[in-house]
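First up is the structure itself, then whatever we jot down about it.
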Amino acid sequence: MNSLHVATSVADAIAALADRGDAGAPLAGATWIMRAPIRKEPHYRSYVALAKIEELQQVELLDDRLSIGACVTHAQLAAVIAPLPEFHALAAAAGSSANPAIRQMATIGGNLCAAGFAAADLVPALICLAAQVELAMPGESMRVSIGTFLTMRTNLPPGCLVRRVMVPRTTCRSDHVRLTLRKAGDYPVVIVSLAAELSPAGVVKSARVAIGSVEAVARRWEKLERLLIGHPLDPGDVTEKAALCAEEMQGREGVEAPGWYRIKVLPSLVGRAARNIQGQC
Amino acid sequence: MPLHLTVNDEDRVSMRDPLTPLVDVLRDEFFLTGAKVVCREGFCGACTVWVNGRSVASCLLPVGLAADCKIHTVESLSTGGNLSPLQKAFEDHDAVQCGMCFPGMLMTLTSFLEREPRATREEIKAALVGNVCRCTGYERIVDAAFSLVSAE
C-alpha cells in the first residue's frame with residue numbers, strides 16, 4: 001500500500017519530503033501521477049499531498065508581479081487573471097488546456113514539475129512572460145528563472161518543492177495559440193506563446209517566443225526573437241521568419257503527430273499569435 | 001488508515017489505498033455505479049463527479065485527496081424519485097443511448113448550467129469538450145441542455 005501524508009503547511013510538507021528522501025514525492029493535482037501506470041512508470045512508495053496547504057492556493061496581484069501559489073489550478077488561475085490583459089498568454093493557456101474537469105484539478109506546480117509532459121500549456125506561457133519559480137527546501141528558499149527550473153526539475157533534492165511562480169508585470173502584449181487534432185479538449189501537438197513590447201508605431205522593441213510540444217521540453221526560440229526586433233509585427237512576415245528558423249527544431253515523435261508535422265505547422269501558429277497580438281492593439 | 005468521505009450527503013469510510021482512484025471506491029465499495037470507468041486518463045468524462053461543488057474526473061483523483069470532501073455523484077441528482085430538470089430534458093430529447101457517457105454529461109452540464117444559466121449553444125458545446133459520446137453525435141444532448149436555457 002502507498003502512503004499519503006496530507007501536509008497542512010509548507011514547513012510540514014518540506015519536513016515530510018525530507019524525511020521520505022528518494023522514496024517520496026510531492027503530489028499536487030495528481031492528474032499526471034495518477035496516469036503513471038498507463039505510462040508503465042512505478043508510483044513512489046510515499047507521497048506528500050500539497051493540495052490542502054492554503055498558502056499554495058493563493059493568487060496575488062502585487063505592484064510588480066503576479067504571485068501564483070503552486071497548487072493554484074488552471075481553472076482558478078484562468079478565472080482570476082482573465083480581466084488582466086498583461087497576462088493574456090497565461091490566461092489563454094490556463095483556460096484552454098485539456099478539458100474543464102482537468103482544469104479544475106491540474107495545478108501550475110504540477111504542470112511545471114511533470115517533466116515527461118511535453119504538451120503542458122502553462123510552461124511556454126510562463127516562459128514567454130519571463131516567469132520565475134520559487135523553490136522551498138529545508139532551511140532556505142531560492143528563486144530561479146523558469147528556464148533554469150526546467151533544466152533542474154528532474155534533480156531536485158529531497159525536501160524541495162515549488163512554492164510559487166512569479167510573473168513580472170510589463171507592458172508587453174502576449175498571446176498563446178495551440179493546435180489540437182480535435183477542435184478542443186485535446187492535448188496540443190504544437191504550442192506557441194508570444195510576448196512582445198511594441199512601440200507606438202507598432203515596431204517590436206522586445207520579444208519572447210516560447211514553443212511547447214514540438215520538442216521534448218518547451219523552450220524559448222531566441223533566433224526568431226532576434227529577427228522580430230526592430231520590425232513591425234506583421235503576421236505574414238513573422239510566419240516567413242519562423243519558417244526560416246524552423247530547421248533548428250528537433251520535432252518530437254508521438255502517436256498523435258510525427259516530429260516533421262509539428263515543425264511544418266509551427267510557423268503558421270507563430271503568425272497566428274502575431275495576428276492575435278495585433279488584434280489586441 | 002480510514003478515509004472519511006461524505007458521498008451524496010452520507011458519511012462513508014474507505015480503507016482503500018489512498019492512491020486508489022475515487023471512481024473505483026465509489027463503484028466497488030459504495031456500489032454507486034453511475035460514474036463509469038472508461039479511459040482512466042481524464043479524457044472521456046464518463047467518471048465525472050462533483051468534489052466540493054467542482055466537476056472533476058474521478059478516475060484521476062486519489063481517494064486520499066477526496067477525504068473530508070463533499071462528493072456528489074449522478075445518483076444525487078434526482079430527489080424523491082423525481083428526475084432533475086436536466087435528466088428530464090435528456091429523456092424528453094431522447095438523448096440517452098448506450099448509457100456510458102450520459103452520467104458524466106449530466107454532472108458536467110448540471111454544474112455548468114448553474115453557473116451559466118443563459119449559456120449559448122456554443123458555450124454548452126465548449127463545456128462538453130471533456131465528455132466524449134460515441135453514439136449520439138452530441139446534438140440531442142446539446143439540444144436537451146439548451147432547452148433548459150431557452151425555457152428560462
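How things are named: the first chain in the C-alpha cells is A, the next is B, and so on; residues count from 1 in each chain; ligands count from 1 in the order shown.
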- Message: If we count only C-alpha atoms and set the cut-off at 10 Å, which residues sit around segment 86-94 of chain B, ignoring sequence neighbours fewer than 2 positions away in its own chain? Please answer as a list of chain:residue names.
- Response: B:Val74, B:Leu77, B:Ser78, B:Asn82, B:Leu83, B:Ser84, B:Val96, B:Gln97, B:Phe102, B:Pro103, B:Met105, B:Leu106, B:Met107, B:Leu109, B:Thr110, B:Leu113, B:Thr136, B:Glu139, B:Arg140, B:Ile141, B:Val142, B:Asp143, B:Ala144, B:Ala145, B:Phe146, B:Ser147, B:Leu148
Export of prior selection with C-alpha atoms as an mmCIF file, in the first residue's frame:
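again13.cif written:
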data_model
loop_
_atom_site.group_PDB
_atom_site.id
_atom_site.type_symbol
_atom_site.label_atom_id
_atom_site.label_comp_id
_atom_site.auth_asym_id
_atom_site.auth_seq_id
_atom_site.Cartn_x
_atom_site.Cartn_y
_atom_site.Cartn_z
ATOM 1 C CA VAL B 74 -25.067 11.289 -10.592
ATOM 2 C CA LEU B 77 -29.372 14.437 -8.975
ATOM 3 C CA SER B 78 -32.881 13.066 -8.677
ATOM 4 C CA ASN B 82 -38.210 12.826 -9.492
ATOM 5 C CA LEU B 83 -35.734 13.437 -12.250
ATOM 6 C CA SER B 84 -33.715 16.642 -12.195
ATOM 7 C CA VAL B 96 -29.545 8.715 -23.942
ATOM 8 C CA GLN B 97 -28.319 5.805 -25.983
ATOM 9 C CA PHE B 102 -24.581 10.487 -20.022
ATOM 10 C CA PRO B 103 -23.976 10.319 -16.244
ATOM 11 C CA MET B 105 -22.621 14.634 -19.220
ATOM 12 C CA LEU B 106 -25.303 15.254 -16.595
ATOM 13 C CA MET B 107 -22.760 16.105 -13.913
ATOM 14 C CA LEU B 109 -23.827 20.168 -17.631
ATOM 15 C CA THR B 110 -25.745 20.485 -14.383
ATOM 16 C CA LEU B 113 -25.830 25.485 -16.259
ATOM 17 C CA THR B 136 -25.382 10.367 -30.362
ATOM 18 C CA GLU B 139 -26.605 17.293 -30.973
ATOM 19 C CA ARG B 140 -29.505 15.874 -28.960
ATOM 20 C CA ILE B 141 -27.503 16.259 -25.761
ATOM 21 C CA VAL B 142 -26.825 19.889 -26.624
ATOM 22 C CA ASP B 143 -30.494 20.308 -27.619
ATOM 23 C CA ALA B 144 -31.542 18.962 -24.214
ATOM 24 C CA ALA B 145 -29.244 21.301 -22.316
ATOM 25 C CA PHE B 146 -30.199 24.265 -24.481
ATOM 26 C CA SER B 147 -33.887 23.581 -23.915
ATOM 27 C CA LEU B 148 -33.376 24.487 -20.255
#
- Message: To test your reading of the structure, identify every residue in segment 8-152 of chain B that backbone DSSP assigns to strand (DSSP E or B), and report it as a PyMOL selection string.
- Response: chain B and resi 10-14+21+48-51+54-57+62+70-72+79+82
- Where does DSSP see helix (DSSP H, G or I) in segment 64-272 of chain A, if you list the residues as a ChimeraX atom specification? /A:74-81,85-96,100-103,108-113,122-128,146-155,222-228,235-248,259-272
- Message: I need the chain B residues near chain A as a ChimeraX atom specification; criterion: at most 8 Å, counting only C-alpha atoms.
- Response: /B:17-19,21,40-43,45,48,54-57,60-62,64-65,126-127,129-130
- Task: Please identify all polymer residues within 8 Å of segment 261-274 of chain A, counting only C-alpha atoms, omitting same-chain residues fewer than 4 positions from it, and present them as number ranges by chain.
- Result: A: 175-179, 189-194, 214, 233-243, 246-247, 249, 251-252, 257, 278
Output file for the selection above: N, CA and C atoms, as a PDB file, in the first residue's frame:
ATOM      1  N   ASP A 175       0.204  36.421 -26.385  1.00  0.00           N
ATOM      2  CA  ASP A 175      -0.851  35.507 -26.818  1.00  0.00           C
ATOM      3  C   ASP A 175      -0.330  34.072 -26.756  1.00  0.00           C
ATOM      4  N   HIS A 176      -1.260  33.159 -26.723  1.00  0.00           N
ATOM      5  CA  HIS A 176      -0.946  31.729 -26.596  1.00  0.00           C
ATOM      6  C   HIS A 176      -1.836  30.998 -27.580  1.00  0.00           C
ATOM      7  N   VAL A 177      -1.230  30.324 -28.548  1.00  0.00           N
ATOM      8  CA  VAL A 177      -2.034  29.568 -29.516  1.00  0.00           C
ATOM      9  C   VAL A 177      -1.575  28.121 -29.508  1.00  0.00           C
ATOM     10  N   ARG A 178      -2.513  27.251 -29.820  1.00  0.00           N
ATOM     11  CA  ARG A 178      -2.226  25.812 -29.736  1.00  0.00           C
ATOM     12  C   ARG A 178      -2.964  25.102 -30.853  1.00  0.00           C
ATOM     13  N   LEU A 179      -2.358  24.056 -31.344  1.00  0.00           N
ATOM     14  CA  LEU A 179      -3.008  23.249 -32.377  1.00  0.00           C
ATOM     15  C   LEU A 179      -3.314  21.881 -31.788  1.00  0.00           C
ATOM     16  N   VAL A 189      -0.524  19.503 -30.288  1.00  0.00           N
ATOM     17  CA  VAL A 189       0.689  18.971 -30.918  1.00  0.00           C
ATOM     18  C   VAL A 189       1.724  20.082 -31.088  1.00  0.00           C
ATOM     19  N   VAL A 190       1.277  21.318 -31.086  1.00  0.00           N
ATOM     20  CA  VAL A 190       2.173  22.483 -31.128  1.00  0.00           C
ATOM     21  C   VAL A 190       1.576  23.583 -30.261  1.00  0.00           C
ATOM     22  N   ILE A 191       2.443  24.240 -29.500  1.00  0.00           N
ATOM     23  CA  ILE A 191       2.023  25.395 -28.701  1.00  0.00           C
ATOM     24  C   ILE A 191       2.989  26.542 -28.991  1.00  0.00           C
ATOM     25  N   VAL A 192       2.435  27.727 -29.203  1.00  0.00           N
ATOM     26  CA  VAL A 192       3.267  28.929 -29.354  1.00  0.00           C
ATOM     27  C   VAL A 192       2.771  29.976 -28.370  1.00  0.00           C
ATOM     28  N   SER A 193       3.691  30.467 -27.557  1.00  0.00           N
ATOM     29  CA  SER A 193       3.383  31.595 -26.669  1.00  0.00           C
ATOM     30  C   SER A 193       4.297  32.745 -27.080  1.00  0.00           C
ATOM     31  N   LEU A 194       3.701  33.886 -27.325  1.00  0.00           N
ATOM     32  CA  LEU A 194       4.470  35.030 -27.827  1.00  0.00           C
ATOM     33  C   LEU A 194       4.155  36.257 -26.986  1.00  0.00           C
ATOM     34  N   VAL A 214       6.550  20.804 -29.359  1.00  0.00           N
ATOM     35  CA  VAL A 214       7.303  20.449 -30.568  1.00  0.00           C
ATOM     36  C   VAL A 214       8.502  19.586 -30.188  1.00  0.00           C
ATOM     37  N   LEU A 233       5.162  43.937 -36.289  1.00  0.00           N
ATOM     38  CA  LEU A 233       4.735  42.563 -36.001  1.00  0.00           C
ATOM     39  C   LEU A 233       3.699  42.141 -37.047  1.00  0.00           C
ATOM     40  N   ASP A 234       4.169  42.058 -38.282  1.00  0.00           N
ATOM     41  CA  ASP A 234       3.283  41.677 -39.381  1.00  0.00           C
ATOM     42  C   ASP A 234       3.147  40.149 -39.421  1.00  0.00           C
ATOM     43  N   PRO A 235       1.932  39.617 -39.361  1.00  0.00           N
ATOM     44  CA  PRO A 235       1.763  38.148 -39.266  1.00  0.00           C
ATOM     45  C   PRO A 235       2.430  37.388 -40.413  1.00  0.00           C
ATOM     46  N   GLY A 236       2.304  37.901 -41.630  1.00  0.00           N
ATOM     47  CA  GLY A 236       2.918  37.214 -42.768  1.00  0.00           C
ATOM     48  C   GLY A 236       4.427  37.194 -42.653  1.00  0.00           C
ATOM     49  N   ASP A 237       4.993  38.331 -42.280  1.00  0.00           N
ATOM     50  CA  ASP A 237       6.446  38.443 -42.113  1.00  0.00           C
ATOM     51  C   ASP A 237       6.926  37.529 -40.984  1.00  0.00           C
ATOM     52  N   VAL A 238       6.162  37.502 -39.894  1.00  0.00           N
ATOM     53  CA  VAL A 238       6.530  36.659 -38.748  1.00  0.00           C
ATOM     54  C   VAL A 238       6.492  35.182 -39.147  1.00  0.00           C
ATOM     55  N   THR A 239       5.486  34.816 -39.926  1.00  0.00           N
ATOM     56  CA  THR A 239       5.384  33.421 -40.380  1.00  0.00           C
ATOM     57  C   THR A 239       6.595  33.045 -41.238  1.00  0.00           C
ATOM     58  N   GLU A 240       6.976  33.944 -42.140  1.00  0.00           N
ATOM     59  CA  GLU A 240       8.136  33.667 -43.011  1.00  0.00           C
ATOM     60  C   GLU A 240       9.412  33.529 -42.195  1.00  0.00           C
ATOM     61  N   LYS A 241       9.588  34.406 -41.232  1.00  0.00           N
ATOM     62  CA  LYS A 241      10.798  34.338 -40.402  1.00  0.00           C
ATOM     63  C   LYS A 241      10.824  33.051 -39.567  1.00  0.00           C
ATOM     64  N   ALA A 242       9.661  32.659 -39.082  1.00  0.00           N
ATOM     65  CA  ALA A 242       9.588  31.406 -38.309  1.00  0.00           C
ATOM     66  C   ALA A 242       9.943  30.216 -39.198  1.00  0.00           C
ATOM     67  N   ALA A 243       9.477  30.251 -40.446  1.00  0.00           N
ATOM     68  CA  ALA A 243       9.790  29.154 -41.370  1.00  0.00           C
ATOM     69  C   ALA A 243      11.299  29.090 -41.639  1.00  0.00           C
ATOM     70  N   ALA A 246      12.908  27.425 -38.592  1.00  0.00           N
ATOM     71  CA  ALA A 246      12.299  26.197 -38.070  1.00  0.00           C
ATOM     72  C   ALA A 246      13.221  24.995 -38.154  1.00  0.00           C
ATOM     73  N   GLU A 247      14.237  25.074 -39.023  1.00  0.00           N
ATOM     74  CA  GLU A 247      15.091  23.890 -39.170  1.00  0.00           C
ATOM     75  C   GLU A 247      15.877  23.562 -37.898  1.00  0.00           C
ATOM     76  N   MET A 249      14.614  23.263 -35.025  1.00  0.00           N
ATOM     77  CA  MET A 249      13.754  22.492 -34.114  1.00  0.00           C
ATOM     78  C   MET A 249      13.971  20.982 -34.301  1.00  0.00           C
ATOM     79  N   GLY A 251      11.853  17.994 -33.965  1.00  0.00           N
ATOM     80  CA  GLY A 251      10.455  17.594 -33.781  1.00  0.00           C
ATOM     81  C   GLY A 251      10.329  16.293 -32.993  1.00  0.00           C
ATOM     82  N   ARG A 252       9.420  16.318 -32.044  1.00  0.00           N
ATOM     83  CA  ARG A 252       9.200  15.182 -31.143  1.00  0.00           C
ATOM     84  C   ARG A 252       8.256  14.173 -31.802  1.00  0.00           C
ATOM     85  N   ALA A 257       1.186  12.784 -33.418  1.00  0.00           N
ATOM     86  CA  ALA A 257       1.745  13.504 -34.564  1.00  0.00           C
ATOM     87  C   ALA A 257       3.232  13.190 -34.685  1.00  0.00           C
ATOM     88  N   GLN A 278      -1.678  41.711 -32.682  1.00  0.00           N
ATOM     89  CA  GLN A 278      -2.084  42.918 -33.419  1.00  0.00           C
ATOM     90  C   GLN A 278      -3.532  43.286 -33.081  1.00  0.00           C
TER      91      GLN A 278
END
- Query: Taking only C-alpha atoms into account, which of B:Ile71, B:Cys39, B:Met100, B:Thr20 comes nearest Cys135 of chain B?
  - Reply: B:Met100
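Minimum distance to Ser150 of chain B across B:Leu128, B:Val38, B:Arg118, B:Glu123 (counting only C-alpha atoms) occurs at B:Arg118.
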- Gap from atom CA of Asp68 of chain B to atom CA of Ser111 of chain B - Å, one decimal: 20.8 Å
- Message: If I take atom CA of Thr120 of chain B and atom CA of Cys98 of chain B, how far is one from the other in Å, to one decimal?
- Response: 26.5 Å
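For Arg20 of chain A, the residues within 10 Å (counting only C-alpha atoms, excluding itself and residues fewer than 2 positions away along the chain) are Ile14, Ala15, Ala16, Leu17, Ala18, Asp22, Ala23, Gly24, Ala25, Arg45, Ser46, Tyr47, Val48, Pro158 and Gly159 of chain A.
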Put those residues in a file: N, CA and C atoms, as a PDB file, in the first residue's frame.
ATOM      1  N   ILE A  14       7.754  20.212   3.558  1.00  0.00           N
ATOM      2  CA  ILE A  14       9.211  20.123   3.378  1.00  0.00           C
ATOM      3  C   ILE A  14       9.791  19.062   4.310  1.00  0.00           C
ATOM      4  N   ALA A  15       9.353  19.098   5.570  1.00  0.00           N
ATOM      5  CA  ALA A  15       9.872  18.125   6.545  1.00  0.00           C
ATOM      6  C   ALA A  15       9.483  16.709   6.142  1.00  0.00           C
ATOM      7  N   ALA A  16       8.243  16.527   5.702  1.00  0.00           N
ATOM      8  CA  ALA A  16       7.784  15.185   5.318  1.00  0.00           C
ATOM      9  C   ALA A  16       8.540  14.680   4.092  1.00  0.00           C
ATOM     10  N   LEU A  17       8.774  15.572   3.137  1.00  0.00           N
ATOM     11  CA  LEU A  17       9.508  15.157   1.935  1.00  0.00           C
ATOM     12  C   LEU A  17      10.960  14.837   2.264  1.00  0.00           C
ATOM     13  N   ALA A  18      11.562  15.658   3.111  1.00  0.00           N
ATOM     14  CA  ALA A  18      12.955  15.413   3.501  1.00  0.00           C
ATOM     15  C   ALA A  18      13.066  14.084   4.235  1.00  0.00           C
ATOM     16  N   ASP A  22      14.440   9.750  -1.126  1.00  0.00           N
ATOM     17  CA  ASP A  22      14.169   9.346  -2.512  1.00  0.00           C
ATOM     18  C   ASP A  22      12.920   8.486  -2.655  1.00  0.00           C
ATOM     19  N   ALA A  23      12.363   8.016  -1.543  1.00  0.00           N
ATOM     20  CA  ALA A  23      11.167   7.161  -1.623  1.00  0.00           C
ATOM     21  C   ALA A  23       9.880   7.984  -1.709  1.00  0.00           C
ATOM     22  N   GLY A  24       9.990   9.307  -1.543  1.00  0.00           N
ATOM     23  CA  GLY A  24       8.795  10.142  -1.516  1.00  0.00           C
ATOM     24  C   GLY A  24       8.797  11.195  -2.609  1.00  0.00           C
ATOM     25  N   ALA A  25       7.613  11.731  -2.869  1.00  0.00           N
ATOM     26  CA  ALA A  25       7.478  12.797  -3.876  1.00  0.00           C
ATOM     27  C   ALA A  25       6.259  13.637  -3.529  1.00  0.00           C
ATOM     28  N   ARG A  45       6.688   5.149  -3.290  1.00  0.00           N
ATOM     29  CA  ARG A  45       6.083   4.440  -2.176  1.00  0.00           C
ATOM     30  C   ARG A  45       5.268   5.398  -1.312  1.00  0.00           C
ATOM     31  N   SER A  46       5.678   6.635  -1.298  1.00  0.00           N
ATOM     32  CA  SER A  46       5.045   7.597  -0.398  1.00  0.00           C
ATOM     33  C   SER A  46       4.886   8.950  -1.098  1.00  0.00           C
ATOM     34  N   TYR A  47       3.751   9.562  -0.907  1.00  0.00           N
ATOM     35  CA  TYR A  47       3.513  10.899  -1.468  1.00  0.00           C
ATOM     36  C   TYR A  47       3.158  11.881  -0.348  1.00  0.00           C
ATOM     37  N   VAL A  48       3.512  13.111  -0.582  1.00  0.00           N
ATOM     38  CA  VAL A  48       3.140  14.183   0.333  1.00  0.00           C
ATOM     39  C   VAL A  48       2.188  15.104  -0.429  1.00  0.00           C
ATOM     40  N   PRO A 158      15.637  15.905  -2.174  1.00  0.00           N
ATOM     41  CA  PRO A 158      14.504  15.568  -1.302  1.00  0.00           C
ATOM     42  C   PRO A 158      14.196  16.744  -0.364  1.00  0.00           C
ATOM     43  N   GLY A 159      12.934  17.019  -0.191  1.00  0.00           N
ATOM     44  CA  GLY A 159      12.548  18.127   0.676  1.00  0.00           C
ATOM     45  C   GLY A 159      12.371  19.430  -0.073  1.00  0.00           C
TER      46      GLY A 159
END
- Message: With only C-alpha atoms as the counted atoms, please give the residues lying no more than 12 Å from Glu140 of chain A, apart from itself and same-chain residues fewer than 5 positions off, as number ranges by chain.
- Response: A: 11, 14, 134-135, 159-161, 163
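Note that the spacing between atom CA of Gly109 of chain A and atom CA of Glu225 of chain A amounts to 27.1 Å.
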